[in-house]
file final_35.cif (mmCIF, C-alpha atoms)
data_data
#
loop_
_atom_site.group_PDB
_atom_site.id
_atom_site.type_symbol
_atom_site.label_atom_id
_atom_site.label_comp_id
_atom_site.auth_asym_id
_atom_site.auth_seq_id
_atom_site.Cartn_x
_atom_site.Cartn_y
_atom_site.Cartn_z
ATOM 1 C CA MET F 562 92.458 -88.179 -42.335
ATOM 2 C CA GLN F 563 93.403 -88.437 -38.684
ATOM 3 C CA PHE F 564 94.116 -84.788 -37.938
ATOM 4 C CA ILE F 565 92.160 -82.972 -40.653
ATOM 5 C CA SER F 566 88.403 -82.849 -41.258
ATOM 6 C CA SER F 567 86.943 -82.025 -44.678
ATOM 7 C CA THR F 568 83.525 -80.543 -45.457
ATOM 8 C CA LEU F 569 81.987 -80.107 -48.915
ATOM 9 C CA VAL F 570 80.101 -76.821 -49.314
ATOM 10 C CA GLU F 571 77.817 -75.935 -52.244
ATOM 11 C CA PHE F 572 77.367 -72.449 -53.677
ATOM 12 C CA GLU F 573 74.715 -71.381 -56.187
ATOM 13 C CA GLN F 574 76.274 -69.291 -58.938
ATOM 14 C CA PRO F 575 74.995 -67.350 -61.975
ATOM 15 C CA ASP F 576 77.277 -69.526 -64.104
ATOM 16 C CA LEU F 577 79.861 -72.285 -63.687
ATOM 17 C CA ILE F 578 82.454 -69.807 -62.499
ATOM 18 C CA PRO F 579 84.593 -69.804 -59.334
ATOM 19 C CA VAL F 580 83.055 -68.277 -56.218
ATOM 20 C CA GLU F 581 84.324 -64.800 -55.348
ATOM 21 C CA SER F 582 87.124 -64.843 -52.775
ATOM 22 C CA GLY F 583 85.231 -62.702 -50.227
ATOM 23 C CA LYS F 584 82.468 -65.273 -50.006
ATOM 24 C CA LEU F 585 84.984 -68.103 -49.621
ATOM 25 C CA LEU F 586 86.909 -66.271 -46.894
ATOM 26 C CA ALA F 587 83.681 -65.611 -45.017
ATOM 27 C CA GLN F 588 82.882 -69.342 -45.218
ATOM 28 C CA MET F 589 86.387 -70.156 -43.959
ATOM 29 C CA ARG F 590 85.917 -67.920 -40.921
ATOM 30 C CA LYS F 591 82.510 -69.390 -40.235
ATOM 31 C CA MET F 592 83.884 -72.952 -40.303
ATOM 32 C CA GLN F 593 87.266 -72.081 -38.730
ATOM 33 C CA ALA F 594 88.848 -73.684 -41.784
ATOM 34 C CA PHE F 595 92.503 -73.114 -42.697
ATOM 35 C CA TYR F 596 92.394 -74.232 -46.342
ATOM 36 C CA TYR F 597 89.904 -74.655 -49.175
ATOM 37 C CA GLU F 598 89.976 -75.815 -52.787
ATOM 38 C CA LEU F 599 87.590 -76.074 -55.725
ATOM 39 C CA TYR F 600 86.022 -79.523 -55.810
ATOM 40 C CA ASP F 601 83.708 -79.515 -58.845
ATOM 41 C CA SER F 602 80.896 -77.615 -60.597
ATOM 42 C CA TYR F 603 77.797 -78.746 -62.459
ATOM 43 C CA LEU F 604 74.266 -77.854 -63.533
ATOM 44 C CA ARG F 605 71.476 -79.054 -61.243
ATOM 45 C CA GLY F 606 68.164 -78.453 -62.978
ATOM 46 C CA GLU F 607 68.322 -74.758 -63.816
ATOM 47 C CA LYS F 608 70.824 -73.894 -61.075
ATOM 48 C CA TYR F 609 74.589 -73.672 -61.408
ATOM 49 C CA ILE F 610 76.324 -75.360 -58.457
ATOM 50 C CA VAL F 611 79.982 -74.837 -57.581
ATOM 51 C CA ARG F 612 81.362 -76.966 -54.735
ATOM 52 C CA TYR F 613 84.407 -76.325 -52.563
ATOM 53 C CA MET F 614 86.116 -78.547 -50.031
ATOM 54 C CA PHE F 615 86.978 -76.830 -46.742
ATOM 55 C CA TYR F 616 89.528 -78.293 -44.335
ATOM 56 C CA THR F 617 89.586 -77.827 -40.559
ATOM 57 C CA LEU F 618 91.640 -79.300 -37.720
ATOM 58 C CA SER F 619 90.178 -82.295 -35.916
ATOM 59 C CA ALA F 620 90.265 -82.623 -32.142
ATOM 60 C CA VAL F 621 93.161 -84.751 -30.873
ATOM 61 C CA LYS F 622 92.708 -87.250 -28.089
ATOM 62 C CA ARG F 623 95.304 -87.506 -25.359
ATOM 63 C CA VAL F 624 97.694 -90.408 -25.909
ATOM 64 C CA THR F 625 97.660 -92.902 -23.035
ATOM 65 C CA ARG F 626 100.575 -95.004 -21.765
ATOM 66 C CA ALA F 627 98.969 -98.120 -23.239
ATOM 67 C CA GLN F 628 98.761 -96.450 -26.655
ATOM 68 C CA ILE F 629 102.407 -95.402 -26.456
ATOM 69 C CA ARG F 630 103.436 -99.003 -25.738
ATOM 70 C CA LYS F 631 101.202 -100.212 -28.574
ATOM 71 C CA GLN F 632 102.784 -97.736 -31.002
ATOM 72 C CA PHE F 633 106.247 -98.889 -29.970
ATOM 73 C CA ALA F 634 105.341 -102.555 -30.388
ATOM 74 C CA ALA F 635 104.003 -101.867 -33.887
ATOM 75 C CA ILE F 636 107.307 -100.482 -35.199
ATOM 76 C CA SER F 637 109.330 -102.960 -37.228
ATOM 77 C CA ARG F 638 112.557 -104.054 -35.557
ATOM 78 C CA LYS F 639 114.159 -103.735 -39.002
ATOM 79 C CA ALA F 640 113.646 -99.967 -39.209
ATOM 80 C CA GLU F 641 116.204 -98.582 -41.652
ATOM 81 C CA SER F 642 118.258 -95.452 -41.185
ATOM 82 C CA VAL F 643 120.896 -93.475 -43.040
ATOM 83 C CA LEU F 644 123.911 -91.685 -41.545
ATOM 84 C CA PRO F 645 124.238 -87.907 -42.032
ATOM 85 C CA GLU F 646 127.362 -88.326 -44.156
ATOM 86 C CA ASP F 647 125.449 -90.637 -46.501
ATOM 87 C CA MET F 648 122.443 -88.353 -46.856
ATOM 88 C CA GLN F 649 121.899 -86.218 -49.909
ATOM 89 C CA ALA F 650 122.647 -82.531 -49.540
ATOM 90 C CA LEU F 651 119.505 -80.703 -48.491
ATOM 91 C CA ARG F 652 119.438 -78.610 -51.659
ATOM 92 C CA GLU F 653 119.800 -81.739 -53.791
ATOM 93 C CA GLU F 654 117.070 -83.634 -51.928
ATOM 94 C CA ALA F 655 114.603 -80.746 -52.118
ATOM 95 C CA GLY F 656 115.242 -80.535 -55.855
ATOM 96 C CA LYS F 657 112.927 -78.165 -57.687
ATOM 97 C CA LYS F 658 110.019 -78.626 -55.288
ATOM 98 C CA GLU F 659 108.440 -75.637 -53.597
ATOM 99 C CA ILE F 660 109.326 -75.199 -49.926
ATOM 100 C CA VAL F 661 106.927 -75.135 -46.972
ATOM 101 C CA LEU F 662 108.612 -73.889 -43.788
ATOM 102 C CA TYR F 663 107.551 -74.799 -40.247
ATOM 103 C CA THR F 664 108.930 -73.567 -36.935
ATOM 104 C CA ASP F 665 107.785 -74.799 -33.538
ATOM 105 C CA GLY F 666 107.982 -71.308 -32.060
ATOM 106 C CA SER F 667 111.464 -71.667 -30.601
ATOM 107 C CA PHE F 668 112.692 -69.963 -33.783
ATOM 108 C CA SER F 669 111.272 -66.706 -35.108
ATOM 109 C CA GLN F 670 110.300 -66.626 -38.774
ATOM 110 C CA GLU F 671 113.299 -64.343 -39.401
ATOM 111 C CA GLU F 672 115.731 -66.852 -37.834
ATOM 112 C CA ALA F 673 114.170 -69.734 -39.746
ATOM 113 C CA LEU F 674 114.335 -67.825 -43.033
ATOM 114 C CA ARG F 675 117.961 -66.917 -42.362
ATOM 115 C CA ASN F 676 118.790 -70.617 -41.848
ATOM 116 C CA LEU F 677 116.884 -71.425 -45.030
ATOM 117 C CA ARG F 678 118.830 -68.866 -47.071
ATOM 118 C CA GLN F 679 122.109 -70.360 -45.858
ATOM 119 C CA THR F 680 121.172 -73.646 -47.544
ATOM 120 C CA GLY F 681 120.722 -71.877 -50.895
ATOM 121 C CA LEU F 682 117.079 -72.881 -51.206
ATOM 122 C CA SER F 683 114.295 -70.695 -52.558
ATOM 123 C CA GLN F 684 111.902 -68.698 -50.391
ATOM 124 C CA PRO F 685 109.046 -70.784 -48.940
ATOM 125 C CA VAL F 686 105.606 -70.608 -50.512
ATOM 126 C CA GLN F 687 104.073 -70.812 -47.027
ATOM 127 C CA ILE F 688 105.319 -70.448 -43.438
ATOM 128 C CA PHE F 689 103.668 -72.031 -40.401
ATOM 129 C CA THR F 690 104.758 -70.933 -36.918
ATOM 130 C CA GLU F 691 103.518 -72.598 -33.745
ATOM 131 C CA THR F 692 102.087 -70.112 -31.265
ATOM 132 C CA GLU F 693 100.861 -72.532 -28.610
ATOM 133 C CA ALA F 694 102.149 -75.687 -26.984
ATOM 134 C CA GLY F 695 100.045 -78.813 -26.970
ATOM 135 C CA THR F 696 98.489 -80.307 -30.061
ATOM 136 C CA LEU F 697 100.812 -78.737 -32.688
ATOM 137 C CA PRO F 698 98.063 -77.270 -34.891
ATOM 138 C CA GLU F 699 100.477 -75.421 -37.177
ATOM 139 C CA LEU F 700 102.474 -78.588 -37.836
ATOM 140 C CA LYS F 701 99.269 -80.339 -38.900
ATOM 141 C CA LYS F 702 98.535 -77.488 -41.296
ATOM 142 C CA ALA F 703 102.095 -77.459 -42.632
ATOM 143 C CA VAL F 704 102.135 -81.204 -43.318
ATOM 144 C CA PHE F 705 98.730 -81.069 -45.006
ATOM 145 C CA TYR F 706 99.668 -78.003 -47.071
ATOM 146 C CA ALA F 707 102.926 -79.597 -48.254
ATOM 147 C CA PHE F 708 100.980 -82.727 -49.211
ATOM 148 C CA ARG F 709 98.359 -80.810 -51.232
ATOM 149 C CA LYS F 710 100.978 -78.664 -52.968
ATOM 150 C CA ASP F 711 103.439 -81.533 -53.545
ATOM 151 C CA ALA F 712 106.017 -79.433 -51.718
ATOM 152 C CA PHE F 713 109.077 -80.153 -49.569
ATOM 153 C CA LEU F 714 108.636 -79.568 -45.820
ATOM 154 C CA LEU F 715 111.480 -77.967 -43.872
ATOM 155 C CA LEU F 716 111.390 -77.685 -40.078
ATOM 156 C CA ALA F 717 113.232 -75.319 -37.746
ATOM 157 C CA HIS F 718 112.695 -76.497 -34.204
ATOM 158 C CA ASN F 719 113.863 -77.124 -30.669
ATOM 159 C CA PRO F 720 115.094 -80.715 -29.988
ATOM 160 C CA GLU F 721 112.165 -81.153 -27.614
ATOM 161 C CA LEU F 722 109.818 -81.441 -30.599
ATOM 162 C CA LEU F 723 111.413 -84.773 -31.535
ATOM 163 C CA SER F 724 110.642 -86.248 -28.114
ATOM 164 C CA ARG F 725 106.891 -85.952 -28.659
ATOM 165 C CA PRO F 726 104.978 -88.980 -30.020
ATOM 166 C CA LEU F 727 102.426 -86.623 -31.560
ATOM 167 C CA PHE F 728 105.100 -85.181 -33.851
ATOM 168 C CA TYR F 729 105.675 -88.584 -35.492
ATOM 169 C CA GLN F 730 101.952 -89.300 -35.775
ATOM 170 C CA ILE F 731 101.446 -86.038 -37.648
ATOM 171 C CA VAL F 732 104.349 -86.345 -40.093
ATOM 172 C CA GLU F 733 103.539 -90.007 -40.753
ATOM 173 C CA GLU F 734 99.971 -89.230 -41.856
ATOM 174 C CA TYR F 735 101.187 -88.037 -45.253
ATOM 175 C CA GLN F 736 104.378 -89.496 -46.694
ATOM 176 C CA ILE F 737 105.822 -86.155 -47.745
ATOM 177 C CA PRO F 738 109.554 -85.467 -48.108
ATOM 178 C CA LEU F 739 110.879 -83.489 -45.152
ATOM 179 C CA ARG F 740 114.109 -82.405 -43.516
ATOM 180 C CA SER F 741 115.170 -80.362 -40.518
ATOM 181 C CA LEU F 742 117.178 -77.153 -40.681
ATOM 182 C CA THR F 743 118.325 -77.662 -37.094
ATOM 183 C CA PHE F 744 118.814 -81.445 -36.807
ATOM 184 C CA PRO F 745 120.677 -82.788 -39.883
ATOM 185 C CA TRP F 746 119.974 -86.462 -39.118
ATOM 186 C CA MET F 747 116.232 -86.032 -39.667
ATOM 187 C CA CYS F 748 114.859 -87.272 -42.965
ATOM 188 C CA ARG F 749 111.937 -89.432 -44.022
ATOM 189 C CA ARG F 750 114.024 -92.605 -43.906
ATOM 190 C CA ASN F 751 115.184 -91.986 -40.320
ATOM 191 C CA LEU F 752 111.793 -91.147 -38.824
ATOM 192 C CA LYS F 753 110.845 -94.703 -37.845
ATOM 193 C CA LEU F 754 114.030 -95.233 -35.858
ATOM 194 C CA MET F 755 113.677 -91.809 -34.220
ATOM 195 C CA GLN F 756 110.069 -92.605 -33.325
ATOM 196 C CA ALA F 757 111.091 -95.972 -31.866
ATOM 197 C CA MET F 758 113.733 -94.324 -29.673
ATOM 198 C CA THR F 759 111.236 -91.716 -28.445
ATOM 199 C CA LEU F 760 108.525 -94.261 -27.663
ATOM 200 C CA TYR F 761 110.976 -96.625 -26.000
ATOM 201 C CA GLN F 762 112.204 -93.890 -23.683
ATOM 202 C CA LEU F 763 108.628 -93.014 -22.752
ATOM 203 C CA THR F 764 107.784 -96.644 -22.010
ATOM 204 C CA VAL F 765 110.843 -96.842 -19.729
ATOM 205 C CA ASP F 766 110.026 -93.537 -17.996
ATOM 206 C CA ASN F 767 106.413 -94.546 -17.441
#
call {"tool": "encode", "arguments": {"input": "final_35.cif", "output": "structure tokens"}}
result
Amino acid sequence: MQFISSTLVEFEQPDLIPVESGKLLAQMRKMQAFYYELYDSYLRGEKYIVRYMFYTLSAVKRVTRAQIRKQFAAISRKAESVLPEDMQALREEAGKKEIVLYTDGSFSQEEALRNLRQTGLSQPVQIFTETEAGTLPELKKAVFYAFRKDAFLLLAHNPELLSRPLFYQIVEEYQIPLRSLTFPWMCRRNLKLMQAMTLYQLTVDN
């Protein structure tokens, strides 16, 4: 995983039962983790061991001009796309999947939820809102969470987000279904072409 680190933590228990939530939350704070899940449990000698996987954000290295050009060169010149009028309706594409909502901070949660309601989709199971510029930590969490929950990712964002190479690196790490509430042309099938346009412009500017 490029943007997420995982650590396996063992807990001794009186039986093969889940660890109490307070102990898990304390471990999360200690590790600065944003997500955990039960991994396995077993008997080791006379001790009951329950193991959990904890997930934290990895440090992101600054992308250089050479790396931007390399990313652009690696994109197939046969990148496919689909026109907005040929795309499925958002409600139809999301289907019965749960919704994970992300906003880059240019939209409040209330605005994003209002846009979501207008589409006729259900309330999100989780909302991630960016509070700092830079490495997009909440987007990394949102993409990972949608992947683990087999959910549909919806984004409410400023157009500037789509001009950042890091955005495409993050959403490409897991091939989850996603759409934008504020830019109808965005869908999984169009991402490669959008990424190519972004990288090309950066190679010209630099």
call {"tool": "residues_near_point", "arguments": {"input": "final_35.cif", "point": "(104.2, -70.5, -35.0)", "cutoff": "7 Å", "atoms": "all atoms listed in the file", "output": "PyMOL selection string"}}
result
chain F and resi 664-666+689-692+699
call {"tool": "write_last_selection", "arguments": {"input": "final_35.cif", "atoms": "C-alpha atoms", "output": "PDB file, in the frame of the given file"}}
result
ATOM      1  CA  THR F 664     108.930 -73.567 -36.935  1.00  0.00           C
ATOM      2  CA  ASP F 665     107.785 -74.799 -33.538  1.00  0.00           C
ATOM      3  CA  GLY F 666     107.982 -71.308 -32.060  1.00  0.00           C
ATOM      4  CA  PHE F 689     103.668 -72.031 -40.401  1.00  0.00           C
ATOM      5  CA  THR F 690     104.758 -70.933 -36.918  1.00  0.00           C
ATOM      6  CA  GLU F 691     103.518 -72.598 -33.745  1.00  0.00           C
ATOM      7  CA  THR F 692     102.087 -70.112 -31.265  1.00  0.00           C
ATOM      8  CA  GLU F 699     100.477 -75.421 -37.177  1.00  0.00           C
TER       9      GLU F 699
END
call {"tool": "residues_near_point", "arguments": {"input": "final_35.cif", "point": "(97.6, -78.4, -27.8)", "cutoff": "10 Å", "atoms": "all atoms listed in the file", "output": "JSON, numbers by chain"}}
result
{"F": [620, 621, 623, 693, 694, 695, 696, 697, 698]}
call {"tool": "write_last_selection", "arguments": {"input": "final_35.cif", "atoms": "C-alpha atoms", "output": "short mmCIF file (atom, residue, chain, number, x, y, z; two decimals), in the coordinates of the input"}}
result
data_model
loop_
_atom_site.label_atom_id
_atom_site.label_comp_id
_atom_site.auth_asym_id
_atom_site.auth_seq_id
_atom_site.Cartn_x
_atom_site.Cartn_y
_atom_site.Cartn_z
CA ALA F 620 90.26 -82.62 -32.14
CA VAL F 621 93.16 -84.75 -30.87
CA ARG F 623 95.30 -87.51 -25.36
CA GLU F 693 100.86 -72.53 -28.61
CA ALA F 694 102.15 -75.69 -26.98
CA GLY F 695 100.04 -78.81 -26.97
CA THR F 696 98.49 -80.31 -30.06
CA LEU F 697 100.81 -78.74 -32.69
CA PRO F 698 98.06 -77.27 -34.89
#
call {"tool": "resolve_selection", "arguments": {"input": "final_35.cif", "expression": "the PyMOL selection byres ((chain F and resi 747) around 10)", "output": "VMD selection string"}}
result
chain F and resid 642 to 645 648 716 723 739 to 746 748 to 752 755
call {"tool": "resolve_selection", "arguments": {"input": "final_35.cif", "expression": "the PyMOL selection byres ((chain F and resi 570) around 7)", "output": "MDAnalysis selection string"}}
result
chainID F and resid 568:569 571:572 612:614
call {"tool": "atom_distance", "arguments": {"input": "final_35.cif", "atom1": "CA of His718 in chain F", "atom2": "CA of Ala594 in chain F"}}
result
25.2 Å
call {"tool": "residues_around", "arguments": {"input": "final_35.cif", "residues": "Gln632 in chain F", "least_positions_apart": "5", "cutoff": "10 Å", "atoms": "all atoms listed in the file", "output": "count of residues only"}}
result
8
call {"tool": "atom_distance", "arguments": {"input": "final_35.cif", "atom1": "CA of Leu618 in chain F", "atom2": "CA of Leu586 in chain F"}}
result
16.6 Å
call {"tool": "resolve_selection", "arguments": {"input": "final_35.cif", "expression": "the PyMOL selection byres ((chain F and resi 704) around 8)", "output": "compact mmCIF listing (two decimals) with C-alpha atoms, keeping the file's coordinate frame"}}
result
# COMPACT_ATOMS: atom_id res chain seq x y z
CA LEU F 700 102.47 -78.59 -37.84
CA LYS F 701 99.27 -80.34 -38.90
CA LYS F 702 98.54 -77.49 -41.30
CA ALA F 703 102.10 -77.46 -42.63
CA PHE F 705 98.73 -81.07 -45.01
CA TYR F 706 99.67 -78.00 -47.07
CA ALA F 707 102.93 -79.60 -48.25
CA PHE F 708 100.98 -82.73 -49.21
CA LEU F 714 108.64 -79.57 -45.82
CA ILE F 731 101.45 -86.04 -37.65
CA VAL F 732 104.35 -86.34 -40.09
CA TYR F 735 101.19 -88.04 -45.25
CA ILE F 737 105.82 -86.16 -47.74
call {"tool": "residues_around", "arguments": {"input": "final_35.cif", "residues": "range 598-610 of chain F", "least_positions_apart": "5", "cutoff": "7 Å", "atoms": "only C-alpha atoms", "output": "VMD selection string"}}
result
chain F and resid 571 to 577 615
call {"tool": "closest_residue", "arguments": {"input": "final_35.cif", "among": "F:Arg725, F:Arg675, F:Lys753, F:Lys658", "to": "Phe713 in chain F", "atoms": "only C-alpha atoms"}}
result
F:Lys658
call {"tool": "closest_residue", "arguments": {"input": "final_35.cif", "among": "F:Leu651, F:Leu585, F:Met592, F:Val765", "to": "Gln679 in chain F", "atoms": "only C-alpha atoms"}}
result
F:Leu651
call {"tool": "atom_distance", "arguments": {"input": "final_35.cif", "atom1": "CA of Leu682 in chain F", "atom2": "CA of Glu654 in chain F"}}
result
10.8 Å
call {"tool": "closest_residue", "arguments": {"input": "final_35.cif", "among": "F:Phe728, F:Pro685, F:Lys710, F:Ala717", "to": "Ala673 in chain F", "atoms": "only C-alpha atoms"}}
result
F:Ala717
call {"tool": "closest_residue", "arguments": {"input": "final_35.cif", "among": "F:Gln736, F:Ser683, F:Thr764, F:Ser582", "to": "Ile629 in chain F", "atoms": "only C-alpha atoms"}}
result
F:Thr764
call {"tool": "decode", "arguments": {"input": "final_35.cif", "residues": "range 599-614 of chain F", "atoms": "N, CA, C and O atoms", "output": "PDB file, in the first residue's frame"}}
result
ATOM      1  N   LEU F 599     -10.414  -6.596  13.128  1.00  0.00           N
ATOM      2  CA  LEU F 599     -10.003  -7.881  13.689  1.00  0.00           C
ATOM      3  C   LEU F 599      -9.288  -8.695  12.616  1.00  0.00           C
ATOM      4  O   LEU F 599      -9.783  -8.832  11.497  1.00  0.00           O
ATOM      5  N   TYR F 600      -8.129  -9.218  12.962  1.00  0.00           N
ATOM      6  CA  TYR F 600      -7.342  -9.992  12.008  1.00  0.00           C
ATOM      7  C   TYR F 600      -7.539 -11.488  12.226  1.00  0.00           C
ATOM      8  O   TYR F 600      -7.967 -12.199  11.328  1.00  0.00           O
ATOM      9  N   ASP F 601      -7.224 -11.990  13.417  1.00  0.00           N
ATOM     10  CA  ASP F 601      -7.483 -13.385  13.751  1.00  0.00           C
ATOM     11  C   ASP F 601      -7.340 -13.579  15.255  1.00  0.00           C
ATOM     12  O   ASP F 601      -6.994 -12.655  15.994  1.00  0.00           O
ATOM     13  N   SER F 602      -7.637 -14.788  15.734  1.00  0.00           N
ATOM     14  CA  SER F 602      -7.473 -15.131  17.147  1.00  0.00           C
ATOM     15  C   SER F 602      -7.127 -16.602  17.242  1.00  0.00           C
ATOM     16  O   SER F 602      -7.562 -17.410  16.421  1.00  0.00           O
ATOM     17  N   TYR F 603      -6.321 -16.954  18.256  1.00  0.00           N
ATOM     18  CA  TYR F 603      -5.880 -18.337  18.388  1.00  0.00           C
ATOM     19  C   TYR F 603      -5.340 -18.574  19.792  1.00  0.00           C
ATOM     20  O   TYR F 603      -5.156 -17.636  20.593  1.00  0.00           O
ATOM     21  N   LEU F 604      -5.076 -19.833  20.104  1.00  0.00           N
ATOM     22  CA  LEU F 604      -4.522 -20.222  21.390  1.00  0.00           C
ATOM     23  C   LEU F 604      -3.034 -20.459  21.229  1.00  0.00           C
ATOM     24  O   LEU F 604      -2.605 -21.243  20.388  1.00  0.00           O
ATOM     25  N   ARG F 605      -2.220 -19.749  22.013  1.00  0.00           N
ATOM     26  CA  ARG F 605      -0.778 -19.922  21.990  1.00  0.00           C
ATOM     27  C   ARG F 605      -0.354 -20.474  23.361  1.00  0.00           C
ATOM     28  O   ARG F 605      -0.321 -19.724  24.340  1.00  0.00           O
ATOM     29  N   GLY F 606      -0.074 -21.761  23.405  1.00  0.00           N
ATOM     30  CA  GLY F 606       0.202 -22.387  24.692  1.00  0.00           C
ATOM     31  C   GLY F 606      -1.054 -22.338  25.536  1.00  0.00           C
ATOM     32  O   GLY F 606      -2.092 -22.891  25.175  1.00  0.00           O
ATOM     33  N   GLU F 607      -0.982 -21.630  26.660  1.00  0.00           N
ATOM     34  CA  GLU F 607      -2.140 -21.481  27.534  1.00  0.00           C
ATOM     35  C   GLU F 607      -2.713 -20.066  27.465  1.00  0.00           C
ATOM     36  O   GLU F 607      -3.562 -19.695  28.272  1.00  0.00           O
ATOM     37  N   LYS F 608      -2.262 -19.276  26.492  1.00  0.00           N
ATOM     38  CA  LYS F 608      -2.708 -17.894  26.377  1.00  0.00           C
ATOM     39  C   LYS F 608      -3.602 -17.723  25.150  1.00  0.00           C
ATOM     40  O   LYS F 608      -3.336 -18.267  24.084  1.00  0.00           O
ATOM     41  N   TYR F 609      -4.661 -16.949  25.334  1.00  0.00           N
ATOM     42  CA  TYR F 609      -5.546 -16.613  24.224  1.00  0.00           C
ATOM     43  C   TYR F 609      -5.042 -15.316  23.579  1.00  0.00           C
ATOM     44  O   TYR F 609      -4.881 -14.292  24.255  1.00  0.00           O
ATOM     45  N   ILE F 610      -4.796 -15.366  22.288  1.00  0.00           N
ATOM     46  CA  ILE F 610      -4.258 -14.212  21.551  1.00  0.00           C
ATOM     47  C   ILE F 610      -5.288 -13.748  20.522  1.00  0.00           C
ATOM     48  O   ILE F 610      -5.779 -14.549  19.711  1.00  0.00           O
ATOM     49  N   VAL F 611      -5.609 -12.473  20.584  1.00  0.00           N
ATOM     50  CA  VAL F 611      -6.490 -11.852  19.584  1.00  0.00           C
ATOM     51  C   VAL F 611      -5.678 -10.764  18.888  1.00  0.00           C
ATOM     52  O   VAL F 611      -5.090  -9.904  19.543  1.00  0.00           O
ATOM     53  N   ARG F 612      -5.645 -10.798  17.551  1.00  0.00           N
ATOM     54  CA  ARG F 612      -4.810  -9.858  16.802  1.00  0.00           C
ATOM     55  C   ARG F 612      -5.666  -8.916  15.950  1.00  0.00           C
ATOM     56  O   ARG F 612      -6.628  -9.343  15.305  1.00  0.00           O
ATOM     57  N   TYR F 613      -5.280  -7.657  15.973  1.00  0.00           N
ATOM     58  CA  TYR F 613      -5.957  -6.622  15.187  1.00  0.00           C
ATOM     59  C   TYR F 613      -4.952  -5.955  14.256  1.00  0.00           C
ATOM     60  O   TYR F 613      -3.782  -5.789  14.612  1.00  0.00           O
ATOM     61  N   MET F 614      -5.442  -5.568  13.089  1.00  0.00           N
ATOM     62  CA  MET F 614      -4.631  -4.798  12.156  1.00  0.00           C
ATOM     63  C   MET F 614      -5.004  -3.317  12.295  1.00  0.00           C
ATOM     64  O   MET F 614      -6.184  -2.960  12.225  1.00  0.00           O
TER      65      MET F 614
END
